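J.: Input model-v7.pdb, format and content: PDB, C-alpha atoms, pLDDT in the B column.
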ATOM      1  CA  MET A 246      80.748  84.949 128.325  1.00 78.00           C
ATOM      2  CA  VAL A 247      83.989  82.944 128.290  1.00 85.00           C
ATOM      3  CA  LYS A 248      82.219  79.904 126.833  1.00 88.00           C
ATOM      4  CA  ARG A 249      80.783  81.980 124.005  1.00 90.00           C
ATOM      5  CA  ALA A 250      84.155  83.548 123.245  1.00 94.00           C
ATOM      6  CA  VAL A 251      85.771  80.100 123.102  1.00 95.00           C
ATOM      7  CA  ILE A 252      83.053  78.845 120.761  1.00 95.00           C
ATOM      8  CA  ILE A 253      83.509  81.769 118.381  1.00 95.00           C
ATOM      9  CA  LEU A 254      87.309  81.405 118.387  1.00 95.00           C
ATOM     10  CA  LEU A 255      87.107  77.674 117.684  1.00 96.00           C
ATOM     11  CA  PHE A 256      85.230  78.113 114.419  1.00 96.00           C
ATOM     12  CA  PRO A 257      88.211  79.325 112.331  1.00 95.00           C
ATOM     13  CA  PHE A 258      90.391  76.459 113.550  1.00 95.00           C
ATOM     14  CA  VAL A 259      87.774  73.798 112.893  1.00 96.00           C
ATOM     15  CA  LEU A 260      86.677  75.052 109.482  1.00 96.00           C
ATOM     16  CA  VAL A 261      90.183  75.742 108.193  1.00 96.00           C
ATOM     17  CA  LEU A 262      91.538  72.404 109.406  1.00 96.00           C
ATOM     18  CA  PHE A 263      88.582  70.599 107.852  1.00 96.00           C
ATOM     19  CA  SER A 264      89.326  72.296 104.524  1.00 96.00           C
ATOM     20  CA  VAL A 265      93.034  71.494 104.826  1.00 96.00           C
ATOM     21  CA  ARG A 266      92.224  67.848 105.493  1.00 95.00           C
ATOM     22  CA  LEU A 267      90.177  67.689 102.293  1.00 94.00           C
ATOM     23  CA  ALA A 268      93.100  69.189 100.378  1.00 94.00           C
ATOM     24  CA  PHE A 269      95.327  66.328 101.532  1.00 95.00           C
ATOM     25  CA  THR A 270      93.500  63.779  99.396  1.00 96.00           C
ATOM     26  CA  GLU A 271      94.231  62.054  96.112  1.00 96.00           C
ATOM     27  CA  PHE A 272      91.101  63.666  94.695  1.00 96.00           C
ATOM     28  CA  PHE A 273      92.603  67.131  95.100  1.00 96.00           C
ATOM     29  CA  VAL A 274      95.951  66.082  93.609  1.00 97.00           C
ATOM     30  CA  GLU A 275      94.202  64.515  90.596  1.00 97.00           C
ATOM     31  CA  TRP A 276      91.992  67.575  90.167  1.00 96.00           C
ATOM     32  CA  GLU A 277      95.000  69.886  90.219  1.00 96.00           C
ATOM     33  CA  TYR A 278      96.903  67.807  87.675  1.00 96.00           C
ATOM     34  CA  SER A 279      93.841  67.688  85.403  1.00 96.00           C
ATOM     35  CA  LYS A 280      93.919  71.452  84.845  1.00 94.00           C
ATOM     36  CA  LYS A 281      95.014  72.551  81.402  1.00 93.00           C
ATOM     37  CA  ASN A 282      97.169  75.350  82.810  1.00 93.00           C
ATOM     38  CA  PHE A 283      99.068  73.098  85.228  1.00 95.00           C
ATOM     39  CA  PRO A 284     102.764  73.739  84.432  1.00 94.00           C
ATOM     40  CA  GLU A 285     104.683  71.115  82.496  1.00 94.00           C
ATOM     41  CA  ASP A 286     107.912  69.673  83.859  1.00 94.00           C
ATOM     42  CA  ARG A 287     110.956  71.525  82.551  1.00 92.00           C
ATOM     43  CA  TRP A 288     112.989  68.308  82.476  1.00 93.00           C
ATOM     44  CA  GLY A 289     110.528  66.230  80.482  1.00 91.00           C
ATOM     45  CA  LEU A 290     108.636  64.089  82.982  1.00 94.00           C
ATOM     46  CA  SER A 291     105.150  63.284  81.715  1.00 94.00           C
ATOM     47  CA  ARG A 292     102.145  64.494  83.649  1.00 94.00           C
ATOM     48  CA  GLU A 293     101.149  60.879  84.378  1.00 95.00           C
ATOM     49  CA  VAL A 294     104.521  60.091  85.972  1.00 96.00           C
ATOM     50  CA  ARG A 295     104.468  63.303  87.996  1.00 97.00           C
ATOM     51  CA  LEU A 296     100.955  62.541  89.202  1.00 97.00           C
ATOM     52  CA  HIS A 297     102.093  59.116  90.351  1.00 96.00           C
ATOM     53  CA  ILE A 298     105.022  60.647  92.241  1.00 97.00           C
ATOM     54  CA  ALA A 299     102.804  63.395  93.703  1.00 97.00           C
ATOM     55  CA  LYS A 300     100.425  60.761  95.096  1.00 97.00           C
ATOM     56  CA  LEU A 301     103.447  58.969  96.514  1.00 96.00           C
ATOM     57  CA  GLY A 302     104.352  62.134  98.406  1.00 96.00           C
ATOM     58  CA  LEU A 303     100.795  62.521  99.650  1.00 97.00           C
ATOM     59  CA  ARG A 304     100.730  58.995 101.055  1.00 97.00           C
ATOM     60  CA  ALA A 305     104.120  59.610 102.661  1.00 97.00           C
ATOM     61  CA  VAL A 306     102.852  62.414 104.896  1.00 97.00           C
ATOM     62  CA  LEU A 307      99.680  60.531 105.845  1.00 96.00           C
ATOM     63  CA  SER A 308     100.960  57.105 106.911  1.00 96.00           C
ATOM     64  CA  ASP A 309     104.048  55.173 107.984  1.00 96.00           C
ATOM     65  CA  GLU A 310     103.561  52.705 105.143  1.00 96.00           C
ATOM     66  CA  GLY A 311     103.371  55.586 102.681  1.00 96.00           C
ATOM     67  CA  MET A 312     106.583  57.060 104.069  1.00 97.00           C
ATOM     68  CA  ARG A 313     108.385  53.736 103.650  1.00 97.00           C
ATOM     69  CA  GLU A 314     107.189  53.567 100.043  1.00 96.00           C
ATOM     70  CA  PHE A 315     108.283  57.167  99.529  1.00 96.00           C
ATOM     71  CA  LYS A 316     111.786  56.513 100.837  1.00 96.00           C
ATOM     72  CA  ALA A 317     112.190  53.333  98.796  1.00 96.00           C
ATOM     73  CA  SER A 318     111.083  54.954  95.530  1.00 94.00           C
ATOM     74  CA  GLY A 319     114.484  56.455  94.760  1.00 93.00           C
ATOM     75  CA  PHE A 320     112.927  59.665  93.437  1.00 95.00           C
ATOM     76  CA  PHE A 321     113.908  61.884  96.355  1.00 95.00           C
ATOM     77  CA  SER A 322     117.092  63.136  98.003  1.00 93.00           C
ATOM     78  CA  SER A 323     117.801  62.806 101.716  1.00 93.00           C
ATOM     79  CA  ARG A 324     116.902  66.491 102.237  1.00 93.00           C
ATOM     80  CA  GLU A 325     113.559  66.000 100.516  1.00 95.00           C
ATOM     81  CA  ILE A 326     112.856  62.921 102.627  1.00 96.00           C
ATOM     82  CA  LYS A 327     113.750  64.849 105.772  1.00 95.00           C
ATOM     83  CA  HIS A 328     111.347  67.641 104.857  1.00 95.00           C
ATOM     84  CA  MET A 329     108.520  65.211 104.178  1.00 96.00           C
ATOM     85  CA  GLU A 330     109.146  63.595 107.554  1.00 96.00           C
ATOM     86  CA  ASP A 331     108.817  67.069 109.094  1.00 96.00           C
ATOM     87  CA  VAL A 332     105.524  67.564 107.244  1.00 96.00           C
ATOM     88  CA  LYS A 333     104.284  64.176 108.426  1.00 97.00           C
ATOM     89  CA  ARG A 334     105.081  65.077 112.043  1.00 96.00           C
ATOM     90  CA  LEU A 335     103.237  68.383 111.673  1.00 96.00           C
ATOM     91  CA  LEU A 336     100.158  66.696 110.208  1.00 96.00           C
ATOM     92  CA  SER A 337     100.227  64.075 112.960  1.00 96.00           C
ATOM     93  CA  ILE A 338      99.548  66.986 115.337  1.00 95.00           C
ATOM     94  CA  ILE A 339      97.218  69.065 113.155  1.00 94.00           C
ATOM     95  CA  PHE A 340      94.729  66.399 112.124  1.00 95.00           C
ATOM     96  CA  PRO A 341      94.156  64.912 115.604  1.00 96.00           C
ATOM     97  CA  ALA A 342      93.812  68.497 116.852  1.00 95.00           C
ATOM     98  CA  PHE A 343      91.083  69.034 114.267  1.00 95.00           C
ATOM     99  CA  TYR A 344      89.100  66.048 115.537  1.00 96.00           C
ATOM    100  CA  LEU A 345      89.547  67.122 119.160  1.00 96.00           C
ATOM    101  CA  LEU A 346      88.612  70.759 118.544  1.00 96.00           C
ATOM    102  CA  SER A 347      85.584  69.681 116.504  1.00 96.00           C
ATOM    103  CA  ALA A 348      84.370  67.533 119.386  1.00 97.00           C
ATOM    104  CA  ILE A 349      84.928  70.368 121.872  1.00 96.00           C
ATOM    105  CA  LEU A 350      83.094  72.856 119.655  1.00 96.00           C
ATOM    106  CA  PHE A 351      80.148  70.502 119.201  1.00 94.00           C
ATOM    107  CA  ALA A 352      79.941  69.835 122.949  1.00 95.00           C
ATOM    108  CA  LEU A 353      80.070  73.551 123.765  1.00 95.00           C
ATOM    109  CA  LEU A 354      77.320  74.324 121.270  1.00 94.00           C
ATOM    110  CA  ILE A 355      75.131  71.582 122.750  1.00 93.00           C
ATOM    111  CA  SER A 356      75.815  72.888 126.256  1.00 93.00           C
ATOM    112  CA  LEU A 357      74.304  76.267 125.377  1.00 92.00           C
ATOM    113  CA  GLY A 358      70.878  74.642 125.696  1.00 86.00           C
ATOM    114  CA  SER A 359      69.277  77.172 123.376  1.00 89.00           C
ATOM    115  CA  LEU A 360      68.787  76.912 119.616  1.00 92.00           C
ATOM    116  CA  LYS A 361      68.578  80.686 119.383  1.00 92.00           C
ATOM    117  CA  GLU A 362      71.911  81.129 121.174  1.00 92.00           C
ATOM    118  CA  THR A 363      73.431  78.353 119.074  1.00 93.00           C
ATOM    119  CA  GLY A 364      72.298  80.236 115.989  1.00 94.00           C
ATOM    120  CA  ARG A 365      73.933  83.416 117.239  1.00 94.00           C
ATOM    121  CA  MET A 366      77.195  81.584 117.817  1.00 95.00           C
ATOM    122  CA  LEU A 367      77.076  80.077 114.316  1.00 96.00           C
ATOM    123  CA  MET A 368      76.626  83.517 112.795  1.00 96.00           C
ATOM    124  CA  LEU A 369      79.338  85.171 114.901  1.00 96.00           C
ATOM    125  CA  GLY A 370      81.759  82.295 114.362  1.00 95.00           C
ATOM    126  CA  GLY A 371      81.073  82.355 110.645  1.00 95.00           C
ATOM    127  CA  PHE A 372      81.687  86.103 110.554  1.00 95.00           C
ATOM    128  CA  LEU A 373      85.077  85.689 112.256  1.00 96.00           C
ATOM    129  CA  VAL A 374      85.969  83.016 109.709  1.00 96.00           C
ATOM    130  CA  ASP A 375      84.993  85.407 106.898  1.00 95.00           C
ATOM    131  CA  VAL A 376      87.317  88.106 108.234  1.00 96.00           C
ATOM    132  CA  ILE A 377      90.301  85.779 108.618  1.00 96.00           C
ATOM    133  CA  ALA A 378      89.716  84.119 105.250  1.00 95.00           C
ATOM    134  CA  PHE A 379      89.464  87.511 103.545  1.00 94.00           C
ATOM    135  CA  VAL A 380      92.799  88.586 105.044  1.00 95.00           C
ATOM    136  CA  PHE A 381      94.597  85.463 103.831  1.00 94.00           C
ATOM    137  CA  PHE A 382      92.899  85.580 100.443  1.00 95.00           C
ATOM    138  CA  SER A 383      94.075  89.171 100.011  1.00 95.00           C
ATOM    139  CA  LEU A 384      97.624  88.259 101.045  1.00 94.00           C
ATOM    140  CA  SER A 385      97.600  85.356  98.590  1.00 95.00           C
ATOM    141  CA  LEU A 386      96.633  87.643  95.720  1.00 95.00           C
ATOM    142  CA  ILE A 387      99.023  90.435  96.701  1.00 96.00           C
ATOM    143  CA  ASP A 388     102.168  88.361  97.304  1.00 96.00           C
ATOM    144  CA  TYR A 389     101.696  84.611  97.599  1.00 96.00           C
ATOM    145  CA  ASN A 390     105.433  83.950  97.637  1.00 94.00           C
ATOM    146  CA  TRP A 391     105.796  86.092 100.782  1.00 95.00           C
ATOM    147  CA  LEU A 392     102.952  84.202 102.463  1.00 94.00           C
ATOM    148  CA  PHE A 393     104.381  80.833 101.430  1.00 95.00           C
ATOM    149  CA  VAL A 394     107.899  81.611 102.630  1.00 94.00           C
ATOM    150  CA  ASN A 395     106.832  83.045 105.972  1.00 94.00           C
ATOM    151  CA  PHE A 396     104.466  80.167 106.690  1.00 93.00           C
ATOM    152  CA  HIS A 397     107.215  77.628 106.004  1.00 93.00           C
ATOM    153  CA  ASN A 398     109.749  79.560 108.072  1.00 93.00           C
ATOM    154  CA  LEU A 399     107.244  79.639 110.918  1.00 93.00           C
ATOM    155  CA  VAL A 400     106.471  75.914 111.049  1.00 92.00           C
ATOM    156  CA  PHE A 401     109.757  74.445 109.740  1.00 91.00           C
ATOM    157  CA  ASP A 402     113.473  75.076 110.096  1.00 88.00           C
ATOM    158  CA  PRO A 403     114.073  77.970 107.641  1.00 85.00           C
ATOM    159  CA  TYR A 404     116.893  76.035 105.981  1.00 84.00           C
ATOM    160  CA  SER A 405     115.171  72.651 105.761  1.00 85.00           C
ATOM    161  CA  TRP A 406     112.542  73.251 103.113  1.00 89.00           C
ATOM    162  CA  ARG A 407     114.289  75.225 100.365  1.00 89.00           C
ATOM    163  CA  PHE A 408     115.035  73.152  97.279  1.00 91.00           C
ATOM    164  CA  ARG A 409     116.433  73.615  93.797  1.00 91.00           C
ATOM    165  CA  ASP A 410     114.180  73.812  90.759  1.00 89.00           C
ATOM    166  CA  TYR A 411     115.240  70.356  89.585  1.00 93.00           C
ATOM    167  CA  ASP A 412     114.560  68.658  92.930  1.00 94.00           C
ATOM    168  CA  MET A 413     111.655  66.259  92.613  1.00 96.00           C
ATOM    169  CA  LEU A 414     109.458  67.889  95.252  1.00 96.00           C
ATOM    170  CA  LEU A 415     109.378  71.145  93.282  1.00 95.00           C
ATOM    171  CA  ARG A 416     108.851  69.289  90.033  1.00 96.00           C
ATOM    172  CA  VAL A 417     105.746  67.461  91.243  1.00 97.00           C
ATOM    173  CA  TYR A 418     104.493  70.226  93.563  1.00 97.00           C
ATOM    174  CA  PRO A 419     105.229  73.503  91.719  1.00 95.00           C
ATOM    175  CA  MET A 420     104.237  76.827  93.247  1.00 95.00           C
ATOM    176  CA  LYS A 421     100.982  76.842  91.290  1.00 95.00           C
ATOM    177  CA  PHE A 422      99.993  73.637  93.092  1.00 96.00           C
ATOM    178  CA  TRP A 423     100.389  75.342  96.472  1.00 96.00           C
ATOM    179  CA  PHE A 424      98.737  78.563  95.360  1.00 96.00           C
ATOM    180  CA  ASP A 425      95.721  76.624  94.092  1.00 96.00           C
ATOM    181  CA  ALA A 426      95.653  74.550  97.267  1.00 96.00           C
ATOM    182  CA  THR A 427      95.684  77.669  99.430  1.00 96.00           C
ATOM    183  CA  VAL A 428      92.922  79.349  97.444  1.00 96.00           C
ATOM    184  CA  SER A 429      90.874  76.139  97.480  1.00 96.00           C
ATOM    185  CA  VAL A 430      91.168  75.893 101.255  1.00 97.00           C
ATOM    186  CA  ILE A 431      90.122  79.536 101.641  1.00 96.00           C
ATOM    187  CA  VAL A 432      87.154  79.205  99.273  1.00 96.00           C
ATOM    188  CA  LEU A 433      85.940  75.982 100.883  1.00 96.00           C
ATOM    189  CA  THR A 434      86.285  77.575 104.307  1.00 97.00           C
ATOM    190  CA  LEU A 435      84.189  80.531 103.167  1.00 96.00           C
ATOM    191  CA  ILE A 436      81.525  78.189 101.788  1.00 96.00           C
ATOM    192  CA  LEU A 437      81.375  76.316 105.086  1.00 96.00           C
ATOM    193  CA  ALA A 438      81.176  79.603 106.984  1.00 96.00           C
ATOM    194  CA  ALA A 439      78.310  80.751 104.751  1.00 96.00           C
ATOM    195  CA  ILE A 440      76.433  77.511 105.430  1.00 96.00           C
ATOM    196  CA  LEU A 441      76.910  77.911 109.170  1.00 95.00           C
ATOM    197  CA  GLN A 442      75.756  81.521 109.027  1.00 96.00           C
ATOM    198  CA  ALA A 443      72.661  80.528 107.046  1.00 96.00           C
ATOM    199  CA  VAL A 444      71.824  77.797 109.548  1.00 95.00           C
ATOM    200  CA  GLY A 445      72.462  80.210 112.404  1.00 94.00           C
ATOM    201  CA  PHE A 446      70.190  82.834 110.858  1.00 94.00           C
ATOM    202  CA  LEU A 447      67.394  80.296 110.486  1.00 94.00           C
ATOM    203  CA  LEU A 448      67.804  79.108 114.068  1.00 93.00           C
ATOM    204  CA  VAL A 449      67.593  82.662 115.393  1.00 92.00           C
ATOM    205  CA  LYS A 450      64.640  83.532 113.190  1.00 89.00           C
ATOM    206  CA  ILE A 451      62.662  80.388 114.034  1.00 90.00           C
ATOM    207  CA  ASN A 452      63.367  80.742 117.766  1.00 81.00           C
ATOM    208  CA  ARG A 453      62.887  84.504 117.944  1.00 76.00           C
ATOM    209  CA  ASN A 454      60.408  84.348 120.799  1.00 63.00           C
TER     210      ASN A 454
END
Represent the supplied structure as structure tokens.
T.:
Amino acid sequence: MVKRAVIILLFPFVLVLFSVRLAFTEFFVEWEYSKKNFPEDRWGLSREVRLHIAKLGLRAVLSDEGMREFKASGFFSSREIKHMEDVKRLLSIIFPAFYLLSAILFALLISLGSLKETGRMLMLGGFLVDVIAFVFFSLSLIDYNWLFVNFHNLVFDPYSWRFRDYDMLLRVYPMKFWFDATVSVIVLTLILAAILQAVGFLLVKINRN
């Protein structure tokens, strides 16, 4: 009973973290900047320059070399650099946790020793993911700013991440960027959950006897 509960509870963490990891890629940044409705910079920076700087920020939170390049660029204030260091530290915990939890989930599923039971766990885990994703999707549509602020206050010092409109971080990562990223993570998570549920249904149906 405990094993099954742990398996079901692990699914949201694994699927969400997988989706978040895919969002922290140059592909996502390029895709976001390619949208026609992506907001222009109020102070005249071209989209190409902003994209270059946005990729610089991405590399900064993913590697030490990227952070050194970020600091040396001269585009960012000390407060912005400090915040990006905080983000890098957070990701250095989150991404290894994703790999570890994925391995644990896979091992627990294998240990069930029954394809039918594995299928049931995939369906139940996928259902839990659906519920959580629906809640966050609804919150994003109702008041994304509230969700954004409270998430940042939860994981960072409340006074460390607030910047002025003309600070470079807000110029290359406007609120639309984060709204789109959040929705993309939720949608991808729902797609993954649907795939798992479909696989689970097939496993249960095939191994009904």
J.: Show me the residues around (110.6, 57.3, 102.0) - criterion: an atom at most 10 Å away, only C-alpha atoms counted - as JSON, numbers by chain.
T.: {"A": [301, 302, 305, 306, 309, 310, 311, 312, 313, 314, 315, 316, 317, 318, 319, 320, 321, 322, 323, 325, 326, 327, 329, 330]}
J.: From the set A:His397, A:Arg266, A:Lys421, A:Lys450, which residue has the shortest atom-to-atom contact distance to Leu307 in chain A, counting all atoms listed in the file?
T.: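 Residue with the minimum atom-to-atom distance to Leu307 in chain A: A:Arg266.
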J.: Report the distance between CA of Gly445 in chain A and CA of Val265 in chain A in Å, rounded to one decimal place.
T.: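 Atom-to-atom, CA of Gly445 in chain A to CA of Val265 in chain A, that is 23.6 Å.
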J.: Need the shell around range 290-293 of chain A: protein/DNA/RNA residues with any atom at most 12 Å away, counting only C-alpha atoms. Skip same-chain ones fewer than 4 positions apart. Format as a ChimeraX atom specification?
T.: /A:274-275,277-286,297-300,411,413,416-418
J.: What residues come out when you apply the PyMOL selection byres ((chain A and resi 248) around 12) to this file, written as JSON, numbers by chain?
T.: {"A": [246, 247, 249, 250, 251, 252, 253, 254, 255, 349, 350, 352, 353, 354, 355, 356, 357, 362, 363, 366]}
J.: Calculate how many Å separate CA of Phe382 in chain A from CA of Arg287 in chain A, rounding to one decimal.
T.: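 Value for the CA of Phe382 in chain A-CA of Arg287 in chain A distance: 29.0 Å.
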J.: Using all atoms listed in the file, pick whichever of A:Phe446, A:Phe381, A:Val400, A:Trp391 has the shortest atom-to-atom distance to Leu336 in chain A.
T.: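 Between A:Phe446, A:Phe381, A:Val400, A:Trp391, the residue approaching Leu336 in chain A most closely is A:Val400.
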J.: Would you mind listing what lies within 10 Å of Tyr344 in chain A as a ChimeraX atom specification, with all atoms listed in the file counted and same-chain residues fewer than 6 positions away left out?
T.: /A:259,262-263,350
J.: Which polymer residues have any atom within 10 Å of an atom of Ile451 in chain A, counting only C-alpha atoms, with same-chain residues fewer than 3 positions away left out, as a VMD selection string?
T.: chain A and resid 360 to 361 364 445 to 448 454
J.: Apply the PyMOL selection byres ((chain A and resi 407) around 10) to the file shown and report the selected residues as an MDAnalysis selection string.
T.: chainID A and resid 324:325 328 394 397:398 402:406 408:410 412 415
J.: So what do you get for CA of Asp388 in chain A versus CA of Ile338 in chain A, distance-wise?
T.: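 Going from CA of Asp388 in chain A over to CA of Ile338 in chain A, I get 28.1 Å.
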J.: Nearest to Asp375 in chain A among A:Ile387, A:Leu437, A:Leu392, A:Leu414, with distances taken over all atoms listed in the file: which residue is it?
T.: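 That would be A:Leu437, the residue with the smallest distance to Asp375 in chain A.
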J.: Show me, as JSON, the centre and edge lengths in Å to one decimal of the axis-aligned box that covers every listed atom of range 418-433 of chain A with 5 Å on each side.
T.:
{"center_x": 95.6, "center_y": 74.9, "center_z": 96.5, "size_x": 29.3, "size_y": 19.3, "size_z": 20.4}
J.: Taking into account all atoms listed in the file, which residue in the set A:Ala268, A:Ala342, A:Leu399, A:Tyr389 is nearest to Met420 in chain A?
T.: A:Tyr389
J.: When you count all atoms listed in the file, which of these residues is closest to Arg365 in chain A: A:Leu433, A:Leu441, A:Ala348, A:Val332?
T.: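 Closest to Arg365 in chain A of all the choices is A:Leu441.
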J.: Taking only C-alpha atoms into account, which of A:Val261, A:Val449, A:Ile339, A:Leu296 comes nearest Ala378 in chain A?
T.: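 When distances to Ala378 in chain A are compared using only C-alpha atoms, the smallest one comes from A:Val261.
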J.: For Gln442 in chain A, please output as a tab-separated table (two decimals) with C-alpha atoms, in the frame of the given file all residues within 8 Å (counting only C-alpha atoms; exclusion window: fewer than 3 positions along the same chain).
T.:
chain	number	residue	atom	x	y	z
A	364	GLY	CA	72.30	80.24	115.99
A	367	LEU	CA	77.08	80.08	114.32
A	368	MET	CA	76.63	83.52	112.80
A	369	LEU	CA	79.34	85.17	114.90
A	371	GLY	CA	81.07	82.36	110.64
A	372	PHE	CA	81.69	86.10	110.55
A	438	ALA	CA	81.18	79.60	106.98
A	439	ALA	CA	78.31	80.75	104.75
A	445	GLY	CA	72.46	80.21	112.40
A	446	PHE	CA	70.19	82.83	110.86
J.: Counting only C-alpha atoms, select every polymer residue within 6 Å of (85.0, 75.4, 112.1) as defined in the file's coordinates, and provide the selection as number ranges by chain.
T.: A: 256-260
J.: Could you please take those selected residues and save C-alpha atoms as an mmCIF file, in the frame of the given file?
T.:
data_model
loop_
_atom_site.group_PDB
_atom_site.id
_atom_site.type_symbol
_atom_site.label_atom_id
_atom_site.label_comp_id
_atom_site.auth_asym_id
_atom_site.auth_seq_id
_atom_site.Cartn_x
_atom_site.Cartn_y
_atom_site.Cartn_z
ATOM 1 C CA PHE A 256 85.230 78.113 114.419
ATOM 2 C CA PRO A 257 88.211 79.325 112.331
ATOM 3 C CA PHE A 258 90.391 76.459 113.550
ATOM 4 C CA VAL A 259 87.774 73.798 112.893
ATOM 5 C CA LEU A 260 86.677 75.052 109.482
#
